>>> print(open('final_4.pdb').read())   # PDB, C-alpha atoms and all ligand atoms
ATOM      1  CA  MET A  67    -118.333 -71.539 129.805
ATOM      2  CA  ARG A  68    -117.473 -68.116 131.177
ATOM      3  CA  ILE A  69    -118.215 -67.057 134.734
ATOM      4  CA  ILE A  70    -118.667 -63.321 134.949
ATOM      5  CA  ARG A  71    -119.151 -61.248 138.066
ATOM      6  CA  SER A  72    -118.921 -57.723 136.738
ATOM      7  CA  THR A  73    -121.869 -56.008 135.098
ATOM      8  CA  ARG A  74    -119.558 -53.839 133.019
ATOM      9  CA  ILE A  75    -117.619 -56.820 131.653
ATOM     10  CA  LEU A  76    -120.801 -58.737 130.886
ATOM     11  CA  GLU A  77    -122.195 -55.776 128.997
ATOM     12  CA  SER A  78    -119.090 -55.340 126.905
ATOM     13  CA  ILE A  79    -118.952 -59.060 126.036
ATOM     14  CA  LEU A  80    -122.609 -59.149 125.043
ATOM     15  CA  ARG A  81    -122.448 -55.944 122.974
ATOM     16  CA  GLN A  82    -119.289 -57.243 121.235
ATOM     17  CA  GLU A  83    -121.034 -60.537 120.457
ATOM     18  CA  GLU A  84    -124.030 -58.678 119.109
ATOM     19  CA  ARG A  85    -121.744 -56.822 116.714
ATOM     20  CA  GLU A  86    -119.681 -59.829 115.700
ATOM     21  CA  ARG A  87    -122.342 -62.421 115.321
ATOM     22  CA  GLY A  88    -125.050 -60.274 113.886
ATOM     23  CA  ARG A  89    -128.282 -62.052 114.508
ATOM     24  CA  TYR A  90    -128.038 -64.699 117.147
ATOM     25  CA  SER A  91    -130.535 -65.618 119.742
ATOM     26  CA  LEU A  92    -129.768 -65.279 123.419
ATOM     27  CA  GLY A  93    -131.769 -67.251 125.988
ATOM     28  CA  PHE A  94    -131.690 -66.083 129.608
ATOM     29  CA  VAL A  95    -132.520 -68.101 132.725
ATOM     30  CA  PRO A  96    -132.576 -66.020 135.942
ATOM     31  CA  THR A  97    -132.138 -68.041 139.143
ATOM     32  CA  MET A  98    -131.226 -67.692 142.793
ATOM     33  CA  GLY A  99    -129.019 -70.796 142.582
ATOM     34  CA  ALA A 100    -129.234 -74.051 144.552
ATOM     35  CA  LEU A 101    -130.075 -75.445 141.146
ATOM     36  CA  HIS A 102    -132.351 -78.484 140.855
ATOM     37  CA  GLU A 103    -134.257 -80.269 138.086
ATOM     38  CA  GLY A 104    -136.758 -77.388 137.892
ATOM     39  CA  HIS A 105    -134.012 -74.929 136.978
ATOM     40  CA  ILE A 106    -132.356 -77.514 134.749
ATOM     41  CA  SER A 107    -135.561 -77.929 132.725
ATOM     42  CA  LEU A 108    -135.505 -74.163 132.043
ATOM     43  CA  ILE A 109    -131.825 -74.273 131.064
ATOM     44  CA  ARG A 110    -132.411 -77.221 128.709
ATOM     45  CA  ARG A 111    -135.320 -75.487 127.046
ATOM     46  CA  ALA A 112    -133.202 -72.338 126.620
ATOM     47  CA  ARG A 113    -130.406 -74.501 125.192
ATOM     48  CA  ARG A 114    -132.772 -76.035 122.636
ATOM     49  CA  GLU A 115    -134.244 -72.724 121.531
ATOM     50  CA  ASN A 116    -131.189 -70.442 121.374
ATOM     51  CA  ASN A 117    -127.599 -70.501 120.233
ATOM     52  CA  ARG A 118    -126.392 -68.650 123.339
ATOM     53  CA  VAL A 119    -127.550 -69.366 126.901
ATOM     54  CA  LEU A 120    -126.915 -67.145 129.906
ATOM     55  CA  VAL A 121    -127.827 -68.171 133.460
ATOM     56  CA  SER A 122    -127.736 -65.690 136.321
ATOM     57  CA  ILE A 123    -127.294 -66.807 139.908
ATOM     58  CA  PHE A 124    -128.196 -64.057 142.320
ATOM     59  CA  VAL A 125    -129.932 -64.326 145.683
ATOM     60  CA  ASN A 126    -131.903 -61.115 145.401
ATOM     61  CA  PRO A 127    -132.106 -59.296 148.758
ATOM     62  CA  LEU A 128    -134.886 -57.027 147.446
ATOM     63  CA  GLN A 129    -137.370 -59.881 147.302
ATOM     64  CA  PHE A 130    -136.893 -61.102 150.869
ATOM     65  CA  GLY A 131    -138.767 -59.633 153.814
ATOM     66  CA  PRO A 132    -136.849 -58.740 157.014
ATOM     67  CA  HIS A 133    -137.854 -62.011 158.710
ATOM     68  CA  GLU A 134    -137.422 -64.245 155.680
ATOM     69  CA  ASP A 135    -134.598 -66.634 154.843
ATOM     70  CA  PHE A 136    -132.203 -64.397 152.849
ATOM     71  CA  HIS A 137    -129.214 -65.243 155.046
ATOM     72  CA  ARG A 138    -129.842 -68.960 155.304
ATOM     73  CA  TYR A 139    -130.874 -69.405 151.641
ATOM     74  CA  PRO A 140    -128.632 -72.198 150.243
ATOM     75  CA  ARG A 141    -125.671 -71.037 148.087
ATOM     76  CA  PRO A 142    -123.853 -74.129 146.758
ATOM     77  CA  LEU A 143    -121.951 -72.159 144.140
ATOM     78  CA  ALA A 144    -119.419 -74.768 142.972
ATOM     79  CA  LYS A 145    -122.174 -77.331 142.475
ATOM     80  CA  ASP A 146    -124.304 -74.803 140.590
ATOM     81  CA  THR A 147    -121.559 -73.768 138.189
ATOM     82  CA  GLY A 148    -120.799 -77.486 137.644
ATOM     83  CA  ILE A 149    -124.426 -78.068 136.630
ATOM     84  CA  CYS A 150    -124.326 -75.084 134.265
ATOM     85  CA  ARG A 151    -121.143 -76.361 132.637
ATOM     86  CA  ARG A 152    -122.623 -79.840 132.200
ATOM     87  CA  GLU A 153    -125.775 -78.353 130.660
ATOM     88  CA  GLY A 154    -123.815 -76.397 128.070
ATOM     89  CA  VAL A 155    -124.473 -72.905 129.437
ATOM     90  CA  ASP A 156    -122.309 -70.263 127.719
ATOM     91  CA  ILE A 157    -122.214 -67.621 130.428
ATOM     92  CA  VAL A 158    -122.958 -67.721 134.158
ATOM     93  CA  PHE A 159    -123.517 -64.245 135.566
ATOM     94  CA  LEU A 160    -122.838 -63.888 139.294
ATOM     95  CA  PRO A 161    -123.137 -60.226 140.175
ATOM     96  CA  ALA A 162    -122.265 -59.038 143.671
ATOM     97  CA  VAL A 163    -125.124 -57.633 145.744
ATOM     98  CA  ARG A 164    -123.333 -54.332 146.248
ATOM     99  CA  GLU A 165    -122.774 -53.793 142.543
ATOM    100  CA  VAL A 166    -126.392 -54.570 141.701
ATOM    101  CA  LEU A 167    -127.812 -52.266 144.339
ATOM    102  CA  ARG A 168    -125.649 -49.393 143.083
ATOM    103  CA  SER A 169    -126.233 -49.973 139.391
ATOM    104  CA  LYS A 170    -127.873 -47.350 137.197
ATOM    105  CA  TYR A 171    -129.873 -50.192 135.643
ATOM    106  CA  LEU A 172    -131.676 -50.939 138.890
ATOM    107  CA  ARG A 173    -134.863 -48.899 139.132
ATOM    108  CA  LYS A 174    -137.964 -49.097 141.283
ATOM    109  CA  GLU A 175    -140.801 -50.896 139.601
ATOM    110  CA  ARG A 176    -144.465 -51.031 140.497
ATOM    111  CA  PRO A 177    -146.095 -54.101 138.993
ATOM    112  CA  PRO A 178    -149.852 -53.882 138.265
ATOM    113  CA  LYS A 179    -151.526 -53.720 141.667
ATOM    114  CA  SER A 180    -154.217 -56.219 140.697
ATOM    115  CA  LEU A 181    -151.498 -58.842 140.150
ATOM    116  CA  SER A 182    -149.114 -58.010 142.994
ATOM    117  CA  ALA A 183    -151.859 -57.639 145.619
ATOM    118  CA  ALA A 184    -153.322 -61.107 144.870
ATOM    119  CA  LEU A 185    -152.299 -64.489 146.343
ATOM    120  CA  CYS A 186    -148.839 -64.079 147.984
ATOM    121  CA  GLY A 187    -149.055 -60.259 147.900
ATOM    122  CA  PRO A 188    -150.464 -59.648 151.400
ATOM    123  CA  PHE A 189    -148.074 -62.190 152.949
ATOM    124  CA  ARG A 190    -144.918 -60.818 151.332
ATOM    125  CA  PRO A 191    -145.131 -57.020 151.186
ATOM    126  CA  GLY A 192    -142.653 -55.606 148.653
ATOM    127  CA  HIS A 193    -141.714 -59.042 147.327
ATOM    128  CA  PHE A 194    -142.969 -58.653 143.753
ATOM    129  CA  GLU A 195    -141.620 -55.099 143.506
ATOM    130  CA  GLY A 196    -138.216 -56.578 144.387
ATOM    131  CA  VAL A 197    -138.583 -59.399 141.869
ATOM    132  CA  ALA A 198    -139.707 -57.062 139.072
ATOM    133  CA  ALA A 199    -136.905 -54.566 139.757
ATOM    134  CA  ILE A 200    -134.223 -57.235 139.590
ATOM    135  CA  VAL A 201    -135.570 -59.023 136.522
ATOM    136  CA  LEU A 202    -135.781 -55.712 134.642
ATOM    137  CA  PHE A 203    -132.250 -54.880 135.829
ATOM    138  CA  PHE A 204    -131.056 -58.101 134.185
ATOM    139  CA  PHE A 205    -133.094 -57.473 131.048
ATOM    140  CA  ARG A 206    -131.596 -53.980 130.600
ATOM    141  CA  ILE A 207    -128.052 -55.382 130.702
ATOM    142  CA  ILE A 208    -128.557 -58.691 128.953
ATOM    143  CA  ARG A 209    -131.242 -57.794 126.380
ATOM    144  CA  PRO A 210    -132.170 -61.457 125.865
ATOM    145  CA  ASP A 211    -134.400 -62.601 123.026
ATOM    146  CA  LYS A 212    -136.139 -65.077 125.306
ATOM    147  CA  ALA A 213    -136.275 -65.418 129.090
ATOM    148  CA  TYR A 214    -137.419 -68.590 130.830
ATOM    149  CA  PHE A 215    -139.599 -68.742 133.944
ATOM    150  CA  GLY A 216    -141.264 -71.596 135.814
ATOM    151  CA  GLU A 217    -145.015 -71.918 136.285
ATOM    152  CA  LYS A 218    -144.192 -73.041 139.824
ATOM    153  CA  ASP A 219    -143.939 -69.323 140.666
ATOM    154  CA  TYR A 220    -147.048 -68.516 138.689
ATOM    155  CA  GLN A 221    -147.820 -65.094 140.172
ATOM    156  CA  GLN A 222    -144.223 -64.022 139.583
ATOM    157  CA  LEU A 223    -144.483 -65.245 136.000
ATOM    158  CA  ARG A 224    -147.665 -63.237 135.324
ATOM    159  CA  ILE A 225    -146.109 -60.109 136.850
ATOM    160  CA  ILE A 226    -142.955 -60.504 134.773
ATOM    161  CA  GLU A 227    -145.031 -60.969 131.619
ATOM    162  CA  GLU A 228    -146.766 -57.650 132.319
ATOM    163  CA  VAL A 229    -143.744 -55.552 133.314
ATOM    164  CA  THR A 230    -141.747 -56.917 130.370
ATOM    165  CA  LEU A 231    -144.500 -55.884 127.992
ATOM    166  CA  ARG A 232    -144.563 -52.456 129.672
ATOM    167  CA  HIS A 233    -140.841 -51.808 129.149
ATOM    168  CA  PHE A 234    -139.769 -53.942 126.203
ATOM    169  CA  LYS A 235    -142.955 -54.410 124.199
ATOM    170  CA  ARG A 236    -142.442 -57.697 122.365
ATOM    171  CA  LYS A 237    -138.647 -57.509 122.133
ATOM    172  CA  ILE A 238    -138.226 -60.045 124.934
ATOM    173  CA  GLU A 239    -140.311 -63.204 124.854
ATOM    174  CA  ILE A 240    -141.238 -64.668 128.223
ATOM    175  CA  VAL A 241    -141.300 -68.453 127.950
ATOM    176  CA  ARG A 242    -143.475 -70.340 130.450
ATOM    177  CA  CYS A 243    -142.024 -73.654 131.626
ATOM    178  CA  PRO A 244    -144.064 -76.350 133.408
ATOM    179  CA  THR A 245    -143.442 -77.210 137.061
ATOM    180  CA  VAL A 246    -141.039 -80.077 137.639
ATOM    181  CA  ARG A 247    -142.021 -82.319 140.551
ATOM    182  CA  GLU A 248    -140.500 -85.004 142.723
ATOM    183  CA  GLU A 249    -141.902 -88.506 142.469
ATOM    184  CA  GLY A 250    -144.495 -87.905 145.199
ATOM    185  CA  GLY A 251    -145.677 -84.736 143.432
ATOM    186  CA  LEU A 252    -143.890 -82.166 145.607
ATOM    187  CA  ALA A 253    -142.773 -79.281 143.387
ATOM    188  CA  LYS A 254    -138.982 -79.089 143.234
ATOM    189  CA  SER A 255    -137.761 -76.102 145.171
ATOM    190  CA  SER A 256    -134.471 -74.939 146.631
ATOM    191  CA  ARG A 257    -136.371 -74.589 149.910
ATOM    192  CA  ASN A 258    -137.131 -78.345 149.959
ATOM    193  CA  ALA A 259    -133.601 -78.618 151.350
ATOM    194  CA  TYR A 260    -135.067 -77.351 154.654
ATOM    195  CA  LEU A 261    -137.509 -80.281 154.837
ATOM    196  CA  SER A 262    -136.851 -83.703 156.230
ATOM    197  CA  GLY A 263    -138.899 -86.689 157.385
ATOM    198  CA  GLU A 264    -142.259 -85.615 158.771
ATOM    199  CA  LYS A 265    -142.101 -82.173 157.165
ATOM    200  CA  ARG A 266    -141.393 -83.567 153.738
ATOM    201  CA  ARG A 267    -144.305 -85.993 154.090
ATOM    202  CA  ALA A 268    -146.545 -83.071 155.029
ATOM    203  CA  ALA A 269    -145.314 -81.113 152.001
ATOM    204  CA  MET A 270    -146.417 -83.942 149.688
ATOM    205  CA  LYS A 271    -150.020 -83.207 150.658
ATOM    206  CA  ILE A 272    -149.890 -79.901 148.818
ATOM    207  CA  TYR A 273    -149.968 -81.342 145.328
ATOM    208  CA  LYS A 274    -152.376 -84.045 146.443
ATOM    209  CA  ALA A 275    -154.840 -81.321 147.509
ATOM    210  CA  LEU A 276    -154.370 -79.341 144.300
ATOM    211  CA  ARG A 277    -154.897 -82.427 142.131
ATOM    212  CA  GLU A 278    -158.026 -83.344 144.018
ATOM    213  CA  GLY A 279    -159.348 -79.800 143.562
ATOM    214  CA  ARG A 280    -158.716 -79.988 139.846
ATOM    215  CA  ARG A 281    -160.307 -83.423 139.618
ATOM    216  CA  MET A 282    -163.457 -82.185 141.352
ATOM    217  CA  ILE A 283    -163.735 -79.148 139.088
ATOM    218  CA  LEU A 284    -163.192 -81.157 135.922
ATOM    219  CA  ASN A 285    -165.488 -84.015 136.857
ATOM    220  CA  SER A 286    -168.471 -82.398 138.426
ATOM    221  CA  SER A 287    -168.294 -78.578 138.305
ATOM    222  CA  PRO A 288    -169.127 -78.357 142.009
ATOM    223  CA  LYS A 289    -169.503 -75.256 144.173
ATOM    224  CA  ALA A 290    -166.241 -73.513 145.048
ATOM    225  CA  GLU A 291    -167.104 -74.033 148.726
ATOM    226  CA  SER A 292    -167.003 -77.792 148.523
ATOM    227  CA  VAL A 293    -163.796 -77.805 146.476
ATOM    228  CA  PHE A 294    -162.128 -75.643 149.149
ATOM    229  CA  ARG A 295    -163.474 -77.853 151.917
ATOM    230  CA  THR A 296    -162.041 -80.992 150.337
ATOM    231  CA  MET A 297    -158.663 -79.435 149.604
ATOM    232  CA  LYS A 298    -158.404 -77.937 153.090
ATOM    233  CA  CYS A 299    -159.249 -81.305 154.624
ATOM    234  CA  ILE A 300    -156.336 -82.902 152.788
ATOM    235  CA  LEU A 301    -153.927 -80.144 153.825
ATOM    236  CA  GLU A 302    -155.084 -79.777 157.402
ATOM    237  CA  ALA A 303    -154.908 -83.520 158.017
ATOM    238  CA  SER A 304    -151.223 -82.753 158.499
ATOM    239  CA  PRO A 305    -150.716 -80.856 161.765
ATOM    240  CA  ALA A 306    -147.340 -79.624 160.433
ATOM    241  CA  ILE A 307    -149.084 -77.558 157.731
ATOM    242  CA  GLN A 308    -150.228 -73.993 158.330
ATOM    243  CA  LEU A 309    -152.193 -72.531 155.487
ATOM    244  CA  ASP A 310    -151.420 -68.982 154.311
ATOM    245  CA  TYR A 311    -153.983 -69.102 151.508
ATOM    246  CA  LEU A 312    -155.777 -71.415 149.140
ATOM    247  CA  SER A 313    -157.415 -69.637 146.202
ATOM    248  CA  ILE A 314    -159.104 -70.319 142.898
ATOM    249  CA  VAL A 315    -158.372 -67.464 140.510
ATOM    250  CA  ASP A 316    -158.463 -66.531 136.836
ATOM    251  CA  SER A 317    -155.012 -67.465 135.506
ATOM    252  CA  LYS A 318    -154.632 -64.191 133.605
ATOM    253  CA  THR A 319    -156.029 -61.586 136.002
ATOM    254  CA  LEU A 320    -155.466 -63.525 139.271
ATOM    255  CA  LYS A 321    -158.922 -62.346 140.354
ATOM    256  CA  LYS A 322    -160.899 -64.710 142.569
ATOM    257  CA  VAL A 323    -163.395 -66.927 140.779
ATOM    258  CA  VAL A 324    -166.498 -67.973 142.635
ATOM    259  CA  LYS A 325    -168.639 -69.441 139.882
ATOM    260  CA  LEU A 326    -166.625 -72.403 138.742
ATOM    261  CA  LYS A 327    -169.211 -73.382 136.156
ATOM    262  CA  ALA A 328    -169.210 -70.102 134.232
ATOM    263  CA  ARG A 329    -167.716 -70.038 130.740
ATOM    264  CA  ARG A 330    -164.334 -68.363 130.826
ATOM    265  CA  ARG A 331    -161.632 -67.100 128.522
ATOM    266  CA  HIS A 332    -158.637 -68.291 130.539
ATOM    267  CA  PRO A 333    -157.973 -71.433 132.538
ATOM    268  CA  LEU A 334    -158.511 -71.415 136.284
ATOM    269  CA  LEU A 335    -155.558 -71.463 138.625
ATOM    270  CA  ILE A 336    -155.713 -73.151 142.010
ATOM    271  CA  ALA A 337    -152.884 -71.656 144.056
ATOM    272  CA  THR A 338    -151.727 -72.180 147.601
ATOM    273  CA  ALA A 339    -149.016 -71.179 150.058
ATOM    274  CA  VAL A 340    -148.367 -73.125 153.225
ATOM    275  CA  ARG A 341    -145.877 -72.911 156.033
ATOM    276  CA  ILE A 342    -144.264 -76.035 157.407
ATOM    277  CA  GLY A 343    -142.195 -75.013 160.396
ATOM    278  CA  LYS A 344    -140.193 -72.026 159.177
ATOM    279  CA  THR A 345    -140.393 -73.070 155.536
ATOM    280  CA  ARG A 346    -142.901 -71.412 153.240
ATOM    281  CA  LEU A 347    -143.892 -73.410 150.162
ATOM    282  CA  ILE A 348    -146.052 -72.376 147.213
ATOM    283  CA  ASP A 349    -147.632 -74.459 144.487
ATOM    284  CA  ASN A 350    -150.410 -74.236 141.935
ATOM    285  CA  ILE A 351    -152.233 -76.143 139.257
ATOM    286  CA  LEU A 352    -154.005 -74.952 136.106
ATOM    287  CA  VAL A 353    -157.482 -76.270 135.437
TER     288      VAL A 353
HETATM  289  P1  LIG B 401    -135.536 -69.457 141.859
HETATM  290  O1  LIG B 401    -134.104 -69.872 141.820
HETATM  291  O2  LIG B 401    -136.340 -70.136 142.905
HETATM  292  O3  LIG B 401    -135.714 -67.963 141.830
HETATM  293  O4  LIG B 401    -136.162 -69.961 140.482
HETATM  294  C1  LIG B 401    -135.617 -69.595 139.237
HETATM  295  C2  LIG B 401    -136.569 -70.009 138.157
HETATM  296  O5  LIG B 401    -136.762 -71.417 138.201
HETATM  297  C3  LIG B 401    -137.951 -69.363 138.307
HETATM  298  O6  LIG B 401    -138.432 -69.004 137.030
HETATM  299  C4  LIG B 401    -138.764 -70.478 138.905
HETATM  300  O7  LIG B 401    -140.135 -70.392 138.616
HETATM  301  C5  LIG B 401    -138.151 -71.685 138.233
HETATM  302  N1  LIG B 401    -138.430 -72.893 139.007
HETATM  303  C6  LIG B 401    -138.207 -73.098 140.326
HETATM  304  N2  LIG B 401    -138.652 -74.320 140.706
HETATM  305  C7  LIG B 401    -139.190 -74.878 139.598
HETATM  306  C8  LIG B 401    -139.837 -76.126 139.330
HETATM  307  N3  LIG B 401    -140.014 -77.037 140.278
HETATM  308  N4  LIG B 401    -140.265 -76.360 138.068
HETATM  309  C9  LIG B 401    -140.091 -75.441 137.093
HETATM  310  N5  LIG B 401    -139.489 -74.258 137.273
HETATM  311  C10 LIG B 401    -139.052 -73.973 138.507
END
>>> encode(input="final_4.pdb", output="structure tokens", more="lines below")
Ligand code: AMP
Amino acid sequence: MRIIRSTRILESILRQEERERGRYSLGFVPTMGALHEGHISLIRRARRENNRVLVSIFVNPLQFGPHEDFHRYPRPLAKDTGICRREGVDIVFLPAVREVLRSKYLRKERPPKSLSAALCGPFRPGHFEGVAAIVLFFFRIIRPDKAYFGEKDYQQLRIIEEVTLRHFKRKIEIVRCPTVREEGGLAKSSRNAYLSGEKRRAAMKIYKALREGRRMILNSSPKAESVFRTMKCILEASPAIQLDYLSIVDSKTLKKVVKLKARRRHPLLIATAVRIGKTRLIDNILV
């Protein structure tokens, strides 16, 4: 496994490999590190589907707001590279913030407004622009055949699908990977490291509420109102939880759905973001 920090060196290695190996398939897993089973499931899938696997670890300053946790975001680098080695990753790319921000490959990107203004959009101004810019930066250098993203960050995934299509047509396949959860249902997240005791117990209510919402919709096609009421009751039973939003949307357009009974072309998505103390958690479920 090679650990590479320089964009220029990575480019020259990848272009050389392209020439030498002719057709080979390169799978790319972008991460911000503090790797857990969620990330590992993406890496394993990439390993199964490609003969080369590249993982990037980069805490992207462009996707954090001024009062968010950029500086305290966990960075257990030695542990992360150990996991990558164990999982048979070929290249770990660890670019320095300064080099990325100066790179000619980094360009401003405006994701479709209808997607970036939904769900987390109003709570994290500029976040998805920052995510899209950095993912496209990686794509321009790495030119992967397939790139792996978790459904846990569903809005991010939809935005990346769209901006990838915009710039690369079908040259890069975006592979959706299901959310990996802890035993109690809490979605694995690097930010779970901030939770202990009471807060962790509160966080377990999130998936409980989402599952109950899905159960209601599948069993009885009720009014959206009563689904929201039930889910909110479950969440708000925990005084530690502050709700940013709880929405039922079309999983392709992310537009709000009011008539749950109507026939539809795409599954529904129930999505939520909550704050527990200073920690913001998101989760979703497809129906
Ligand atoms: P992050 O390091 O949080 O930027 O996440 C890197 C990638 O891992 C993103 O595509 C995430 O959606 C994905 N990911 C994070 N947590 C999970 C999870 N619990 N299950 C599946 N994928 C995940």
>>> closest_atom_pairs(input="final_4.pdb", of="chain A", to="ligand LIG 401 (chain B)", cutoff="9 Å", atoms="all atoms listed in the file", output="Markdown table")
| residue | atom | partner | partner_atom | distance |
| --- | --- | --- | --- | --- |
| A:Val95 | CA | B:LIG401 | C2 | 7.0 |
| A:Pro96 | CA | B:LIG401 | C1 | 5.7 |
| A:Thr97 | CA | B:LIG401 | O1 | 3.8 |
| A:Met98 | CA | B:LIG401 | O1 | 3.7 |
| A:Gly99 | CA | B:LIG401 | O1 | 5.2 |
| A:Ala100 | CA | B:LIG401 | O1 | 7.0 |
| A:Leu101 | CA | B:LIG401 | O1 | 6.9 |
| A:His102 | CA | B:LIG401 | N2 | 7.6 |
| A:Glu103 | CA | B:LIG401 | N3 | 7.0 |
| A:Gly104 | CA | B:LIG401 | C8 | 3.6 |
| A:His105 | CA | B:LIG401 | O5 | 4.6 |
| A:Ile106 | CA | B:LIG401 | N5 | 8.2 |
| A:Ser107 | CA | B:LIG401 | C9 | 6.8 |
| A:Leu108 | CA | B:LIG401 | N5 | 6.6 |
| A:Ile123 | CA | B:LIG401 | O1 | 7.7 |
| A:Phe124 | CA | B:LIG401 | O1 | 8.3 |
| A:Val125 | CA | B:LIG401 | O3 | 7.8 |
| A:Asn126 | CA | B:LIG401 | O3 | 8.6 |
| A:Ala213 | CA | B:LIG401 | O6 | 9.0 |
| A:Tyr214 | CA | B:LIG401 | O6 | 6.3 |
| A:Phe215 | CA | B:LIG401 | O6 | 3.3 |
| A:Gly216 | CA | B:LIG401 | O7 | 3.3 |
| A:Glu217 | CA | B:LIG401 | O7 | 5.6 |
| A:Lys218 | CA | B:LIG401 | O7 | 5.0 |
| A:Asp219 | CA | B:LIG401 | O7 | 4.5 |
| A:Tyr220 | CA | B:LIG401 | O7 | 7.2 |
| A:Gln222 | CA | B:LIG401 | O7 | 7.6 |
| A:Leu223 | CA | B:LIG401 | O6 | 7.2 |
| A:Arg242 | CA | B:LIG401 | O6 | 8.4 |
| A:Cys243 | CA | B:LIG401 | C9 | 6.1 |
| A:Pro244 | CA | B:LIG401 | C9 | 5.5 |
| A:Thr245 | CA | B:LIG401 | N4 | 3.4 |
| A:Val246 | CA | B:LIG401 | N4 | 3.8 |
| A:Arg247 | CA | B:LIG401 | N3 | 5.7 |
| A:Glu248 | CA | B:LIG401 | N3 | 8.3 |
| A:Leu252 | CA | B:LIG401 | N3 | 8.4 |
| A:Ala253 | CA | B:LIG401 | N3 | 4.7 |
| A:Lys254 | CA | B:LIG401 | N3 | 3.7 |
| A:Ser255 | CA | B:LIG401 | N2 | 4.9 |
| A:Ser256 | CA | B:LIG401 | O2 | 6.4 |
| A:Arg257 | CA | B:LIG401 | O2 | 8.3 |
>>> closest_residue(input="final_4.pdb", among="A:Lys298, A:Arg138, A:Lys274, A:Arg224", to="Leu181 (chain A)", atoms="all atoms listed in the file")
A:Arg224
>>> residues_around(input="final_4.pdb", residues="Gln221 (chain A)", least_positions_apart="4", cutoff="8 Å", atoms="all atoms listed in the file", output="list in words")
Leu181, Ser182, Leu185, Cys186, Ile225 and Leu320 of chain A
>>> write_last_selection(input="final_4.pdb", atoms="C-alpha atoms", output="PDB file, keeping the file's coordinate frame")
ATOM      1  CA  LEU A 181    -151.498 -58.842 140.150  1.00  0.00           C
ATOM      2  CA  SER A 182    -149.114 -58.010 142.994  1.00  0.00           C
ATOM      3  CA  LEU A 185    -152.299 -64.489 146.343  1.00  0.00           C
ATOM      4  CA  CYS A 186    -148.839 -64.079 147.984  1.00  0.00           C
ATOM      5  CA  ILE A 225    -146.109 -60.109 136.850  1.00  0.00           C
ATOM      6  CA  LEU A 320    -155.466 -63.525 139.271  1.00  0.00           C
TER       7      LEU A 320
END
>>> closest_residue(input="final_4.pdb", among="A:Val119, A:Ile226, A:Leu334, A:Ala144", to="Ile157 (chain A)", atoms="all atoms listed in the file")
A:Val119
>>> resolve_selection(input="final_4.pdb", expression="the PyMOL selection byres (((chain A and resi 275-277) around 9) and not hetatm)", output="list in words")
Lys271, Ile272, Tyr273, Lys274, Glu278, Gly279, Arg280, Arg281, Met282, Thr296, Met297, Lys298, Cys299, Ile300, Leu301, Ile336, Ala337, Thr338, Asp349, Asn350 and Ile351 of chain A
>>> write_last_selection(input="final_4.pdb", atoms="C-alpha atoms", output="PDB file, keeping the file's coordinate frame")
ATOM      1  CA  LYS A 271    -150.020 -83.207 150.658  1.00  0.00           C
ATOM      2  CA  ILE A 272    -149.890 -79.901 148.818  1.00  0.00           C
ATOM      3  CA  TYR A 273    -149.968 -81.342 145.328  1.00  0.00           C
ATOM      4  CA  LYS A 274    -152.376 -84.045 146.443  1.00  0.00           C
ATOM      5  CA  GLU A 278    -158.026 -83.344 144.018  1.00  0.00           C
ATOM      6  CA  GLY A 279    -159.348 -79.800 143.562  1.00  0.00           C
ATOM      7  CA  ARG A 280    -158.716 -79.988 139.846  1.00  0.00           C
ATOM      8  CA  ARG A 281    -160.307 -83.423 139.618  1.00  0.00           C
ATOM      9  CA  MET A 282    -163.457 -82.185 141.352  1.00  0.00           C
ATOM     10  CA  THR A 296    -162.041 -80.992 150.337  1.00  0.00           C
ATOM     11  CA  MET A 297    -158.663 -79.435 149.604  1.00  0.00           C
ATOM     12  CA  LYS A 298    -158.404 -77.937 153.090  1.00  0.00           C
ATOM     13  CA  CYS A 299    -159.249 -81.305 154.624  1.00  0.00           C
ATOM     14  CA  ILE A 300    -156.336 -82.902 152.788  1.00  0.00           C
ATOM     15  CA  LEU A 301    -153.927 -80.144 153.825  1.00  0.00           C
ATOM     16  CA  ILE A 336    -155.713 -73.151 142.010  1.00  0.00           C
ATOM     17  CA  ALA A 337    -152.884 -71.656 144.056  1.00  0.00           C
ATOM     18  CA  THR A 338    -151.727 -72.180 147.601  1.00  0.00           C
ATOM     19  CA  ASP A 349    -147.632 -74.459 144.487  1.00  0.00           C
ATOM     20  CA  ASN A 350    -150.410 -74.236 141.935  1.00  0.00           C
ATOM     21  CA  ILE A 351    -152.233 -76.143 139.257  1.00  0.00           C
TER      22      ILE A 351
END
>>> atom_distance(input="final_4.pdb", atom1="CA of Asn116 (chain A)", atom2="CA of Leu92 (chain A)")
5.7 Å
>>> axis_aligned_box(input="final_4.pdb", around="region 265-284 of chain A", padding_each_side="5 Å", output="JSON")
{"center_x": -152.6, "center_y": -82.6, "center_z": 146.5, "size_x": 32.3, "size_y": 16.8, "size_z": 31.2}
>>> closest_residue(input="final_4.pdb", among="A:Glu115, A:Glu134, A:Glu83, A:Glu228", to="Phe189 (chain A)", atoms="only C-alpha atoms")
A:Glu134
>>> closest_residue(input="final_4.pdb", among="A:Ala269, A:Cys150, A:Leu261, A:Val166", to="Ser304 (chain A)", atoms="only C-alpha atoms")
A:Ala269
>>> residues_around(input="final_4.pdb", residues="Pro177 (chain A)", least_positions_apart="3", cutoff="12 Å", atoms="only C-alpha atoms", output="MDAnalysis selection string")
chainID A and resid 174 180:184 187 192:199 201:202 221:233
>>> closest_residue(input="final_4.pdb", among="A:Leu76, A:Ile283, A:Arg114, A:Ile238", to="Leu160 (chain A)", atoms="only C-alpha atoms")
A:Leu76
>>> atom_distance(input="final_4.pdb", atom1="CA of Asn117 (chain A)", atom2="CA of Gly154 (chain A)")
10.5 Å
>>> residues_around(input="final_4.pdb", residues="Pro210 (chain A)", least_positions_apart="6", cutoff="10 Å", atoms="all atoms listed in the file", output="list of chain:residue names")
A:Leu80, A:Ser91, A:Leu92, A:Gly93, A:Phe94, A:Val95, A:Arg118, A:Val119, A:Leu120, A:Phe204, A:Lys237, A:Ile238, A:Glu239, A:Ile240
